[in-house]
file input03.pdb (PDB, N, CA and C atoms)
ATOM      1  N   MET O   1       2.186 -20.947  -9.447
ATOM      2  CA  MET O   1       2.637 -19.698  -8.856
ATOM      3  C   MET O   1       1.805 -19.407  -7.598
ATOM      4  N   ASN O   2       2.302 -18.529  -6.765
ATOM      5  CA  ASN O   2       1.695 -18.307  -5.461
ATOM      6  C   ASN O   2       1.045 -16.939  -5.314
ATOM      7  N   ALA O   3       0.108 -16.626  -6.175
ATOM      8  CA  ALA O   3      -0.602 -15.352  -6.038
ATOM      9  C   ALA O   3      -1.330 -15.344  -4.698
ATOM     10  N   PRO O   4      -1.586 -14.156  -4.164
ATOM     11  CA  PRO O   4      -2.239 -14.086  -2.861
ATOM     12  C   PRO O   4      -3.635 -14.711  -2.886
ATOM     13  N   ASP O   5      -4.061 -15.187  -1.743
ATOM     14  CA  ASP O   5      -5.392 -15.747  -1.574
ATOM     15  C   ASP O   5      -6.445 -14.690  -1.916
ATOM     16  N   ILE O   6      -7.593 -15.118  -2.388
ATOM     17  CA  ILE O   6      -8.652 -14.189  -2.797
ATOM     18  C   ILE O   6      -9.023 -13.207  -1.678
ATOM     19  N   ALA O   7      -8.892 -13.610  -0.432
ATOM     20  CA  ALA O   7      -9.217 -12.719   0.691
ATOM     21  C   ALA O   7      -8.217 -11.584   0.825
ATOM     22  N   ASP O   8      -7.069 -11.714   0.198
ATOM     23  CA  ASP O   8      -6.017 -10.711   0.308
ATOM     24  C   ASP O   8      -5.988  -9.749  -0.876
ATOM     25  N   TRP O   9      -7.124  -9.607  -1.550
ATOM     26  CA  TRP O   9      -7.234  -8.713  -2.706
ATOM     27  C   TRP O   9      -8.213  -7.595  -2.380
ATOM     28  N   LEU O  10      -7.980  -6.421  -2.946
ATOM     29  CA  LEU O  10      -8.857  -5.263  -2.752
ATOM     30  C   LEU O  10      -9.489  -4.885  -4.086
ATOM     31  N   THR O  11     -10.823  -4.795  -4.117
ATOM     32  CA  THR O  11     -11.516  -4.308  -5.305
ATOM     33  C   THR O  11     -11.328  -2.794  -5.383
ATOM     34  N   ILE O  12     -11.726  -2.203  -6.487
ATOM     35  CA  ILE O  12     -11.579  -0.741  -6.645
ATOM     36  C   ILE O  12     -12.237   0.008  -5.478
ATOM     37  N   PRO O  13     -13.491  -0.302  -5.101
ATOM     38  CA  PRO O  13     -14.074   0.428  -3.960
ATOM     39  C   PRO O  13     -13.296   0.215  -2.655
ATOM     40  N   ASP O  14     -12.838  -1.024  -2.417
ATOM     41  CA  ASP O  14     -12.042  -1.299  -1.209
ATOM     42  C   ASP O  14     -10.726  -0.532  -1.244
ATOM     43  N   LEU O  15     -10.113  -0.505  -2.409
ATOM     44  CA  LEU O  15      -8.849   0.200  -2.592
ATOM     45  C   LEU O  15      -9.029   1.701  -2.388
ATOM     46  N   ALA O  16     -10.128   2.245  -2.909
ATOM     47  CA  ALA O  16     -10.425   3.669  -2.710
ATOM     48  C   ALA O  16     -10.532   3.981  -1.218
ATOM     49  N   ASP O  17     -11.192   3.109  -0.471
ATOM     50  CA  ASP O  17     -11.294   3.296   0.986
ATOM     51  C   ASP O  17      -9.928   3.184   1.656
ATOM     52  N   ALA O  18      -9.150   2.164   1.274
ATOM     53  CA  ALA O  18      -7.838   1.938   1.895
ATOM     54  C   ALA O  18      -6.876   3.089   1.639
ATOM     55  N   LEU O  19      -6.996   3.701   0.453
ATOM     56  CA  LEU O  19      -6.094   4.794   0.070
ATOM     57  C   LEU O  19      -6.680   6.171   0.369
ATOM     58  N   ASP O  20      -7.946   6.195   0.809
ATOM     59  CA  ASP O  20      -8.670   7.449   1.025
ATOM     60  C   ASP O  20      -8.642   8.305  -0.241
ATOM     61  N   GLU O  21      -8.957   7.660  -1.366
ATOM     62  CA  GLU O  21      -8.982   8.302  -2.683
ATOM     63  C   GLU O  21     -10.306   8.000  -3.364
ATOM     64  N   THR O  22     -10.588   8.694  -4.434
ATOM     65  CA  THR O  22     -11.774   8.398  -5.232
ATOM     66  C   THR O  22     -11.480   7.200  -6.132
ATOM     67  N   PRO O  23     -12.509   6.494  -6.580
ATOM     68  CA  PRO O  23     -12.272   5.409  -7.539
ATOM     69  C   PRO O  23     -11.563   5.900  -8.809
ATOM     70  N   GLY O  24     -11.845   7.108  -9.233
ATOM     71  CA  GLY O  24     -11.171   7.670 -10.405
ATOM     72  C   GLY O  24      -9.675   7.833 -10.169
ATOM     73  N   ARG O  25      -9.305   8.290  -9.005
ATOM     74  CA  ARG O  25      -7.881   8.439  -8.674
ATOM     75  C   ARG O  25      -7.211   7.062  -8.587
ATOM     76  N   VAL O  26      -7.927   6.072  -8.060
ATOM     77  CA  VAL O  26      -7.389   4.709  -7.986
ATOM     78  C   VAL O  26      -7.121   4.194  -9.400
ATOM     79  N   ARG O  27      -8.042   4.434 -10.315
ATOM     80  CA  ARG O  27      -7.838   4.008 -11.705
ATOM     81  C   ARG O  27      -6.617   4.701 -12.320
ATOM     82  N   ARG O  28      -6.419   5.961 -11.980
ATOM     83  CA  ARG O  28      -5.243   6.688 -12.462
ATOM     84  C   ARG O  28      -3.958   6.070 -11.909
ATOM     85  N   LEU O  29      -3.960   5.689 -10.641
ATOM     86  CA  LEU O  29      -2.797   5.015 -10.050
ATOM     87  C   LEU O  29      -2.504   3.710 -10.787
ATOM     88  N   LEU O  30      -3.552   3.017 -11.202
ATOM     89  CA  LEU O  30      -3.384   1.790 -11.986
ATOM     90  C   LEU O  30      -2.844   2.108 -13.375
ATOM     91  N   ASP O  31      -3.418   3.113 -14.021
ATOM     92  CA  ASP O  31      -2.966   3.510 -15.365
ATOM     93  C   ASP O  31      -1.506   3.942 -15.371
ATOM     94  N   GLU O  32      -1.068   4.572 -14.285
ATOM     95  CA  GLU O  32       0.298   5.089 -14.192
ATOM     96  C   GLU O  32       1.258   4.085 -13.546
ATOM     97  N   HIS O  33       0.787   2.841 -13.344
ATOM     98  CA  HIS O  33       1.602   1.726 -12.853
ATOM     99  C   HIS O  33       2.076   1.876 -11.407
ATOM    100  N   PHE O  34       1.388   2.689 -10.619
ATOM    101  CA  PHE O  34       1.700   2.739  -9.194
ATOM    102  C   PHE O  34       1.139   1.496  -8.506
ATOM    103  N   LEU O  35       0.110   0.914  -9.144
ATOM    104  CA  LEU O  35      -0.511  -0.321  -8.676
ATOM    105  C   LEU O  35      -0.784  -1.194  -9.890
ATOM    106  N   ILE O  36      -1.013  -2.474  -9.652
ATOM    107  CA  ILE O  36      -1.337  -3.410 -10.721
ATOM    108  C   ILE O  36      -2.333  -4.415 -10.152
ATOM    109  N   GLY O  37      -3.265  -4.838 -10.993
ATOM    110  CA  GLY O  37      -4.291  -5.760 -10.518
ATOM    111  C   GLY O  37      -4.636  -6.804 -11.555
ATOM    112  N   SER O  38      -5.695  -7.556 -11.247
ATOM    113  CA  SER O  38      -6.083  -8.678 -12.085
ATOM    114  C   SER O  38      -7.569  -8.965 -11.943
ATOM    115  N   ARG O  39      -8.115  -9.627 -12.943
ATOM    116  CA  ARG O  39      -9.503 -10.100 -12.894
ATOM    117  C   ARG O  39      -9.561 -11.609 -12.646
ATOM    118  N   ARG O  40      -8.475 -12.214 -12.248
ATOM    119  CA  ARG O  40      -8.431 -13.679 -12.123
ATOM    120  C   ARG O  40      -9.437 -14.229 -11.131
ATOM    121  N   ASN O  41      -9.861 -13.445 -10.156
ATOM    122  CA  ASN O  41     -10.819 -13.914  -9.148
ATOM    123  C   ASN O  41     -12.213 -13.325  -9.369
ATOM    124  N   GLY O  42     -12.509 -12.902 -10.584
ATOM    125  CA  GLY O  42     -13.816 -12.314 -10.875
ATOM    126  C   GLY O  42     -13.676 -10.822 -11.089
ATOM    127  N   ALA O  43     -14.073 -10.039 -10.095
ATOM    128  CA  ALA O  43     -13.982  -8.584 -10.195
ATOM    129  C   ALA O  43     -12.514  -8.152 -10.194
ATOM    130  N   PHE O  44     -12.226  -7.064 -10.876
ATOM    131  CA  PHE O  44     -10.865  -6.540 -10.895
ATOM    132  C   PHE O  44     -10.458  -6.200  -9.468
ATOM    133  N   ALA O  45      -9.251  -6.614  -9.085
ATOM    134  CA  ALA O  45      -8.759  -6.370  -7.727
ATOM    135  C   ALA O  45      -7.240  -6.285  -7.727
ATOM    136  N   VAL O  46      -6.731  -5.713  -6.649
ATOM    137  CA  VAL O  46      -5.297  -5.490  -6.452
ATOM    138  C   VAL O  46      -4.886  -6.218  -5.169
ATOM    139  N   PRO O  47      -3.742  -6.908  -5.176
ATOM    140  CA  PRO O  47      -3.283  -7.536  -3.931
ATOM    141  C   PRO O  47      -3.119  -6.503  -2.810
ATOM    142  N   ALA O  48      -3.645  -6.826  -1.644
ATOM    143  CA  ALA O  48      -3.579  -5.909  -0.499
ATOM    144  C   ALA O  48      -2.137  -5.603  -0.102
ATOM    145  N   ALA O  49      -1.216  -6.502  -0.386
ATOM    146  CA  ALA O  49       0.196  -6.297  -0.026
ATOM    147  C   ALA O  49       0.815  -5.119  -0.769
ATOM    148  N   PHE O  50       0.150  -4.633  -1.814
ATOM    149  CA  PHE O  50       0.670  -3.505  -2.581
ATOM    150  C   PHE O  50       0.377  -2.165  -1.906
ATOM    151  N   VAL O  51      -0.375  -2.188  -0.807
ATOM    152  CA  VAL O  51      -0.723  -0.966  -0.072
ATOM    153  C   VAL O  51      -0.044  -1.013   1.289
ATOM    154  N   VAL O  52       0.689   0.051   1.612
ATOM    155  CA  VAL O  52       1.389   0.152   2.888
ATOM    156  C   VAL O  52       1.078   1.516   3.498
ATOM    157  N   ASP O  53       0.578   1.505   4.703
ATOM    158  CA  ASP O  53       0.258   2.747   5.419
ATOM    159  C   ASP O  53      -0.645   3.668   4.608
ATOM    160  N   GLY O  54      -1.640   3.092   3.954
ATOM    161  CA  GLY O  54      -2.613   3.892   3.218
ATOM    162  C   GLY O  54      -2.109   4.491   1.913
ATOM    163  N   ARG O  55      -1.003   3.985   1.389
ATOM    164  CA  ARG O  55      -0.420   4.463   0.129
ATOM    165  C   ARG O  55       0.049   3.262  -0.677
ATOM    166  N   PRO O  56       0.157   3.412  -1.998
ATOM    167  CA  PRO O  56       0.779   2.336  -2.773
ATOM    168  C   PRO O  56       2.235   2.166  -2.331
ATOM    169  N   LEU O  57       2.702   0.928  -2.278
ATOM    170  CA  LEU O  57       4.092   0.643  -1.936
ATOM    171  C   LEU O  57       4.995   1.448  -2.869
ATOM    172  N   PRO O  58       5.827   2.364  -2.354
ATOM    173  CA  PRO O  58       6.598   3.272  -3.209
ATOM    174  C   PRO O  58       7.495   2.581  -4.242
ATOM    175  N   SER O  59       8.082   1.454  -3.896
ATOM    176  CA  SER O  59       9.005   0.785  -4.816
ATOM    177  C   SER O  59       8.300  -0.080  -5.855
ATOM    178  N   LEU O  60       6.988  -0.169  -5.779
ATOM    179  CA  LEU O  60       6.256  -1.055  -6.682
ATOM    180  C   LEU O  60       6.243  -0.546  -8.119
ATOM    181  N   ARG O  61       6.049   0.754  -8.316
ATOM    182  CA  ARG O  61       5.906   1.308  -9.668
ATOM    183  C   ARG O  61       7.102   0.968 -10.567
ATOM    184  N   GLY O  62       8.289   1.258 -10.124
ATOM    185  CA  GLY O  62       9.470   0.988 -10.933
ATOM    186  C   GLY O  62       9.642  -0.494 -11.212
ATOM    187  N   THR O  63       9.284  -1.318 -10.241
ATOM    188  CA  THR O  63       9.390  -2.761 -10.412
ATOM    189  C   THR O  63       8.376  -3.253 -11.441
ATOM    190  N   ILE O  64       7.154  -2.735 -11.385
ATOM    191  CA  ILE O  64       6.135  -3.077 -12.387
ATOM    192  C   ILE O  64       6.640  -2.715 -13.779
ATOM    193  N   ILE O  65       7.198  -1.533 -13.915
ATOM    194  CA  ILE O  65       7.678  -1.066 -15.220
ATOM    195  C   ILE O  65       8.803  -1.956 -15.739
ATOM    196  N   VAL O  66       9.746  -2.325 -14.875
ATOM    197  CA  VAL O  66      10.840  -3.222 -15.286
ATOM    198  C   VAL O  66      10.262  -4.546 -15.787
ATOM    199  N   LEU O  67       9.321  -5.114 -15.059
ATOM    200  CA  LEU O  67       8.748  -6.401 -15.452
ATOM    201  C   LEU O  67       7.923  -6.296 -16.740
ATOM    202  N   GLN O  68       7.218  -5.196 -16.907
ATOM    203  CA  GLN O  68       6.480  -5.013 -18.160
ATOM    204  C   GLN O  68       7.446  -4.804 -19.325
ATOM    205  N   ASP O  69       8.574  -4.181 -19.075
ATOM    206  CA  ASP O  69       9.592  -3.994 -20.115
ATOM    207  C   ASP O  69      10.181  -5.328 -20.589
ATOM    208  N   VAL O  70      10.171  -6.347 -19.719
ATOM    209  CA  VAL O  70      10.641  -7.667 -20.139
ATOM    210  C   VAL O  70       9.468  -8.537 -20.593
ATOM    211  N   ALA O  71       8.352  -7.876 -20.935
ATOM    212  CA  ALA O  71       7.175  -8.484 -21.572
ATOM    213  C   ALA O  71       6.310  -9.342 -20.643
ATOM    214  N   PHE O  72       6.299  -9.054 -19.346
ATOM    215  CA  PHE O  72       5.402  -9.745 -18.431
ATOM    216  C   PHE O  72       4.008  -9.136 -18.547
ATOM    217  N   SER O  73       2.980  -9.977 -18.538
ATOM    218  CA  SER O  73       1.599  -9.504 -18.454
ATOM    219  C   SER O  73       1.334  -9.075 -17.011
ATOM    220  N   ASP O  74       0.220  -8.408 -16.768
ATOM    221  CA  ASP O  74      -0.111  -8.002 -15.404
ATOM    222  C   ASP O  74      -0.191  -9.215 -14.472
ATOM    223  N   ASP O  75      -0.836 -10.294 -14.926
ATOM    224  CA  ASP O  75      -0.929 -11.501 -14.098
ATOM    225  C   ASP O  75       0.450 -12.091 -13.833
ATOM    226  N   GLU O  76       1.316 -12.088 -14.831
ATOM    227  CA  GLU O  76       2.673 -12.607 -14.641
ATOM    228  C   GLU O  76       3.471 -11.751 -13.665
ATOM    229  N   VAL O  77       3.283 -10.436 -13.701
ATOM    230  CA  VAL O  77       3.947  -9.542 -12.741
ATOM    231  C   VAL O  77       3.529  -9.916 -11.330
ATOM    232  N   ILE O  78       2.225 -10.038 -11.124
ATOM    233  CA  ILE O  78       1.710 -10.366  -9.788
ATOM    234  C   ILE O  78       2.226 -11.725  -9.341
ATOM    235  N   ASP O  79       2.154 -12.712 -10.224
ATOM    236  CA  ASP O  79       2.625 -14.053  -9.863
ATOM    237  C   ASP O  79       4.102 -14.030  -9.482
ATOM    238  N   TRP O  80       4.928 -13.329 -10.269
ATOM    239  CA  TRP O  80       6.359 -13.280  -9.967
ATOM    240  C   TRP O  80       6.620 -12.615  -8.614
ATOM    241  N   LEU O  81       5.894 -11.536  -8.335
ATOM    242  CA  LEU O  81       6.101 -10.821  -7.081
ATOM    243  C   LEU O  81       5.785 -11.685  -5.860
ATOM    244  N   PHE O  82       4.874 -12.656  -6.022
ATOM    245  CA  PHE O  82       4.450 -13.483  -4.885
ATOM    246  C   PHE O  82       5.040 -14.897  -4.904
ATOM    247  N   THR O  83       5.988 -15.150  -5.793
ATOM    248  CA  THR O  83       6.642 -16.454  -5.870
ATOM    249  C   THR O  83       8.019 -16.364  -5.230
ATOM    250  N   GLU O  84       8.326 -17.326  -4.389
ATOM    251  CA  GLU O  84       9.632 -17.363  -3.723
ATOM    252  C   GLU O  84      10.745 -17.262  -4.764
ATOM    253  N   GLU O  85      11.658 -16.329  -4.559
ATOM    254  CA  GLU O  85      12.796 -16.129  -5.458
ATOM    255  C   GLU O  85      14.040 -16.606  -4.720
ATOM    256  N   GLU O  86      14.643 -17.660  -5.235
ATOM    257  CA  GLU O  86      15.766 -18.307  -4.558
ATOM    258  C   GLU O  86      16.901 -17.331  -4.226
ATOM    259  N   THR O  87      17.240 -16.451  -5.154
ATOM    260  CA  THR O  87      18.363 -15.536  -4.909
ATOM    261  C   THR O  87      18.050 -14.489  -3.845
ATOM    262  N   LEU O  88      16.764 -14.244  -3.610
ATOM    263  CA  LEU O  88      16.366 -13.305  -2.556
ATOM    264  C   LEU O  88      16.138 -14.020  -1.218
ATOM    265  N   GLY O  89      15.828 -15.300  -1.310
ATOM    266  CA  GLY O  89      15.508 -16.052  -0.105
ATOM    267  C   GLY O  89      14.115 -15.754   0.427
ATOM    268  N   ARG O  90      13.303 -15.150  -0.400
ATOM    269  CA  ARG O  90      11.916 -14.793  -0.045
ATOM    270  C   ARG O  90      11.211 -14.351  -1.320
ATOM    271  N   THR O  91       9.993 -13.907  -1.189
ATOM    272  CA  THR O  91       9.277 -13.420  -2.366
ATOM    273  C   THR O  91       9.737 -12.003  -2.703
ATOM    274  N   PRO O  92       9.687 -11.628  -3.965
ATOM    275  CA  PRO O  92      10.051 -10.252  -4.321
ATOM    276  C   PRO O  92       9.189  -9.202  -3.604
ATOM    277  N   ILE O  93       7.903  -9.472  -3.405
ATOM    278  CA  ILE O  93       7.071  -8.474  -2.717
ATOM    279  C   ILE O  93       7.535  -8.307  -1.272
ATOM    280  N   ALA O  94       7.953  -9.376  -0.625
ATOM    281  CA  ALA O  94       8.473  -9.265   0.744
ATOM    282  C   ALA O  94       9.754  -8.441   0.750
ATOM    283  N   ALA O  95      10.610  -8.663  -0.239
ATOM    284  CA  ALA O  95      11.854  -7.888  -0.329
ATOM    285  C   ALA O  95      11.556  -6.413  -0.580
ATOM    286  N   LEU O  96      10.589  -6.113  -1.445
ATOM    287  CA  LEU O  96      10.221  -4.712  -1.694
ATOM    288  C   LEU O  96       9.684  -4.070  -0.430
ATOM    289  N   ARG O  97       8.834  -4.788   0.281
ATOM    290  CA  ARG O  97       8.260  -4.236   1.514
ATOM    291  C   ARG O  97       9.339  -4.020   2.579
ATOM    292  N   ASP O  98      10.448  -4.752   2.478
ATOM    293  CA  ASP O  98      11.565  -4.582   3.412
ATOM    294  C   ASP O  98      12.588  -3.550   2.920
ATOM    295  N   GLY O  99      12.315  -2.913   1.768
ATOM    296  CA  GLY O  99      13.198  -1.859   1.284
ATOM    297  C   GLY O  99      14.314  -2.290   0.362
ATOM    298  N   HIS O 100      14.222  -3.459  -0.238
ATOM    299  CA  HIS O 100      15.291  -3.975  -1.100
ATOM    300  C   HIS O 100      14.929  -3.885  -2.581
ATOM    301  N   LYS O 101      14.532  -2.699  -3.038
ATOM    302  CA  LYS O 101      14.070  -2.557  -4.416
ATOM    303  C   LYS O 101      15.181  -2.768  -5.445
ATOM    304  N   SER O 102      16.377  -2.317  -5.183
ATOM    305  CA  SER O 102      17.468  -2.469  -6.154
ATOM    306  C   SER O 102      17.743  -3.935  -6.444
ATOM    307  N   GLU O 103      17.781  -4.739  -5.410
ATOM    308  CA  GLU O 103      18.031  -6.166  -5.562
ATOM    309  C   GLU O 103      16.905  -6.832  -6.364
ATOM    310  N   VAL O 104      15.661  -6.475  -6.056
ATOM    311  CA  VAL O 104      14.511  -7.033  -6.771
ATOM    312  C   VAL O 104      14.554  -6.639  -8.234
ATOM    313  N   ARG O 105      14.813  -5.381  -8.523
ATOM    314  CA  ARG O 105      14.837  -4.915  -9.918
ATOM    315  C   ARG O 105      15.999  -5.499 -10.685
ATOM    316  N   ARG O 106      17.124  -5.712 -10.032
ATOM    317  CA  ARG O 106      18.276  -6.331 -10.696
ATOM    318  C   ARG O 106      17.884  -7.725 -11.175
ATOM    319  N   ILE O 107      17.219  -8.471 -10.338
ATOM    320  CA  ILE O 107      16.769  -9.819 -10.708
ATOM    321  C   ILE O 107      15.704  -9.736 -11.800
ATOM    322  N   ALA O 108      14.788  -8.801 -11.679
ATOM    323  CA  ALA O 108      13.708  -8.661 -12.668
ATOM    324  C   ALA O 108      14.291  -8.374 -14.063
ATOM    325  N   ARG O 109      15.333  -7.589 -14.131
ATOM    326  CA  ARG O 109      15.941  -7.258 -15.438
ATOM    327  C   ARG O 109      16.546  -8.479 -16.126
ATOM    328  N   THR O 110      16.909  -9.496 -15.356
ATOM    329  CA  THR O 110      17.515 -10.692 -15.939
ATOM    330  C   THR O 110      16.484 -11.666 -16.497
ATOM    331  N   LEU O 111      15.208 -11.363 -16.335
ATOM    332  CA  LEU O 111      14.141 -12.292 -16.728
ATOM    333  C   LEU O 111      13.776 -12.204 -18.190
ATOM    334  N   ALA O 112      14.362 -11.282 -18.936
ATOM    335  CA  ALA O 112      14.017 -11.117 -20.358
ATOM    336  C   ALA O 112      14.388 -12.335 -21.168
TER     337      ALA O 112
END
call {"tool": "encode", "arguments": {"input": "input03.pdb", "output": "structure tokens"}}
result
Amino acid sequence: MNAPDIADWLTIPDLADALDETPGRVRRLLDEHFLIGSRRNGAFAVPAAFVVDGRPLPSLRGTIIVLQDVAFSDDEVIDWLFTEEETLGRTPIAALRDGHKSEVRRIARTLA
């Protein structure tokens, strides 16, 4: 799978700076599925692509929830978002960043 390079991840303190929030608020965003992260590279971190204009990508939360509903782990969610999806012609995260959340979620629902 094509998870982002380690340089493209934000730790909690980096994320707090990027979002202009406290670390506690960042943890709440994670708990409420506005963001998702992983410990695969050591310290817990979130892919930088999940932040747009100093905010969590708005379409990410619903997509995370759909993928968790089909029993994806957090690492599997991240991997799927960064893996080229043939029916989209790009990665799901690229499609979300371009405003195509319905198409991404439709595909995600078929993964059960």
call {"tool": "resolve_selection", "arguments": {"input": "input03.pdb", "expression": "the PyMOL selection byres ((chain O and resi 33-48) around 5)", "output": "compact mmCIF listing (two decimals) with N, CA and C atoms, keeping the file's coordinate frame"}}
result
# COMPACT_ATOMS: atom_id res chain seq x y z
N ASP O 8 -7.07 -11.71 0.20
CA ASP O 8 -6.02 -10.71 0.31
C ASP O 8 -5.99 -9.75 -0.88
N TRP O 9 -7.12 -9.61 -1.55
CA TRP O 9 -7.23 -8.71 -2.71
C TRP O 9 -8.21 -7.60 -2.38
N LEU O 10 -7.98 -6.42 -2.95
CA LEU O 10 -8.86 -5.26 -2.75
C LEU O 10 -9.49 -4.88 -4.09
N THR O 11 -10.82 -4.80 -4.12
CA THR O 11 -11.52 -4.31 -5.30
C THR O 11 -11.33 -2.79 -5.38
N LEU O 29 -3.96 5.69 -10.64
CA LEU O 29 -2.80 5.01 -10.05
C LEU O 29 -2.50 3.71 -10.79
N LEU O 30 -3.55 3.02 -11.20
CA LEU O 30 -3.38 1.79 -11.99
C LEU O 30 -2.84 2.11 -13.38
N ASP O 31 -3.42 3.11 -14.02
CA ASP O 31 -2.97 3.51 -15.36
C ASP O 31 -1.51 3.94 -15.37
N GLU O 32 -1.07 4.57 -14.28
CA GLU O 32 0.30 5.09 -14.19
C GLU O 32 1.26 4.08 -13.55
N ALA O 49 -1.22 -6.50 -0.39
CA ALA O 49 0.20 -6.30 -0.03
C ALA O 49 0.82 -5.12 -0.77
N PHE O 50 0.15 -4.63 -1.81
CA PHE O 50 0.67 -3.50 -2.58
C PHE O 50 0.38 -2.16 -1.91
N VAL O 51 -0.38 -2.19 -0.81
CA VAL O 51 -0.72 -0.97 -0.07
C VAL O 51 -0.04 -1.01 1.29
N ARG O 61 6.05 0.75 -8.32
CA ARG O 61 5.91 1.31 -9.67
C ARG O 61 7.10 0.97 -10.57
call {"tool": "select_by_dssp", "arguments": {"input": "input03.pdb", "residues": "chain O", "states": "alpha helix (DSSP H)", "output": "PyMOL selection string"}}
result
chain O and resi 12-19+23-31+60-69+74-81+92-97+101-109
call {"tool": "residues_around", "arguments": {"input": "input03.pdb", "residues": "O:Arg55", "least_positions_apart": "3", "cutoff": "10 Å", "atoms": "only C-alpha atoms", "output": "list in words"}}
result
Leu15, Ala18, Leu19, Asp20, Glu21, Phe34, Phe50, Val51, Val52 and Pro58 of chain O
call {"tool": "select_by_dssp", "arguments": {"input": "input03.pdb", "residues": "stretch 46-81 of chain O", "states": "strand (DSSP E)", "output": "NGL selection string"}}
result
:O and (46-47 or 51-52 or 55-56)
call {"tool": "residues_around", "arguments": {"input": "input03.pdb", "residues": "O:Leu88", "least_positions_apart": "3", "cutoff": "9 Å", "atoms": "only C-alpha atoms", "output": "PyMOL selection string"}}
result
chain O and resi 84-85+91-92+95+103-104+107
call {"tool": "atom_distance", "arguments": {"input": "input03.pdb", "atom1": "atom N of O:Arg25", "atom2": "atom CA of O:Gly54"}}
result
14.6 Å
call {"tool": "atom_distance", "arguments": {"input": "input03.pdb", "atom1": "atom C of O:Ser59", "atom2": "atom CA of O:Arg106"}}
result
12.7 Å
call {"tool": "resolve_selection", "arguments": {"input": "input03.pdb", "expression": "the PyMOL selection byres ((chain O and resi 66-77) around 6)", "output": "NGL selection string"}}
result
:O and (37 or 62-65 or 78-81 or 108 or 111-112)
call {"tool": "atom_distance", "arguments": {"input": "input03.pdb", "atom1": "atom C of O:Asp17", "atom2": "atom C of O:Pro56"}}
result
12.8 Å
call {"tool": "build_atoms", "arguments": {"input": "input03.pdb", "residues": "stretch 79-90 of chain O", "atoms": "N, CA, C and O atoms", "output": "compact mmCIF listing (two decimals), keeping the file's coordinate frame"}}
result
# COMPACT_ATOMS: atom_id res chain seq x y z
N ASP O 79 2.15 -12.71 -10.22
CA ASP O 79 2.62 -14.05 -9.86
C ASP O 79 4.10 -14.03 -9.48
O ASP O 79 4.50 -14.64 -8.48
N TRP O 80 4.93 -13.33 -10.27
CA TRP O 80 6.36 -13.28 -9.97
C TRP O 80 6.62 -12.62 -8.61
O TRP O 80 7.44 -13.09 -7.83
N LEU O 81 5.89 -11.54 -8.34
CA LEU O 81 6.10 -10.82 -7.08
C LEU O 81 5.78 -11.68 -5.86
O LEU O 81 6.37 -11.49 -4.79
N PHE O 82 4.87 -12.66 -6.02
CA PHE O 82 4.45 -13.48 -4.88
C PHE O 82 5.04 -14.90 -4.90
O PHE O 82 4.64 -15.74 -4.11
N THR O 83 5.99 -15.15 -5.79
CA THR O 83 6.64 -16.45 -5.87
C THR O 83 8.02 -16.36 -5.23
O THR O 83 8.77 -15.43 -5.50
N GLU O 84 8.33 -17.33 -4.39
CA GLU O 84 9.63 -17.36 -3.72
C GLU O 84 10.74 -17.26 -4.76
O GLU O 84 10.76 -17.99 -5.74
N GLU O 85 11.66 -16.33 -4.56
CA GLU O 85 12.80 -16.13 -5.46
C GLU O 85 14.04 -16.61 -4.72
O GLU O 85 14.44 -16.02 -3.71
N GLU O 86 14.64 -17.66 -5.24
CA GLU O 86 15.77 -18.31 -4.56
C GLU O 86 16.90 -17.33 -4.23
O GLU O 86 17.44 -17.35 -3.12
N THR O 87 17.24 -16.45 -5.15
CA THR O 87 18.36 -15.54 -4.91
C THR O 87 18.05 -14.49 -3.84
O THR O 87 18.97 -13.93 -3.25
N LEU O 88 16.76 -14.24 -3.61
CA LEU O 88 16.37 -13.30 -2.56
C LEU O 88 16.14 -14.02 -1.22
O LEU O 88 16.17 -13.39 -0.17
N GLY O 89 15.83 -15.30 -1.31
CA GLY O 89 15.51 -16.05 -0.10
C GLY O 89 14.12 -15.75 0.43
O GLY O 89 13.79 -16.08 1.57
N ARG O 90 13.30 -15.15 -0.40
CA ARG O 90 11.92 -14.79 -0.04
C ARG O 90 11.21 -14.35 -1.32
O ARG O 90 11.79 -14.38 -2.39
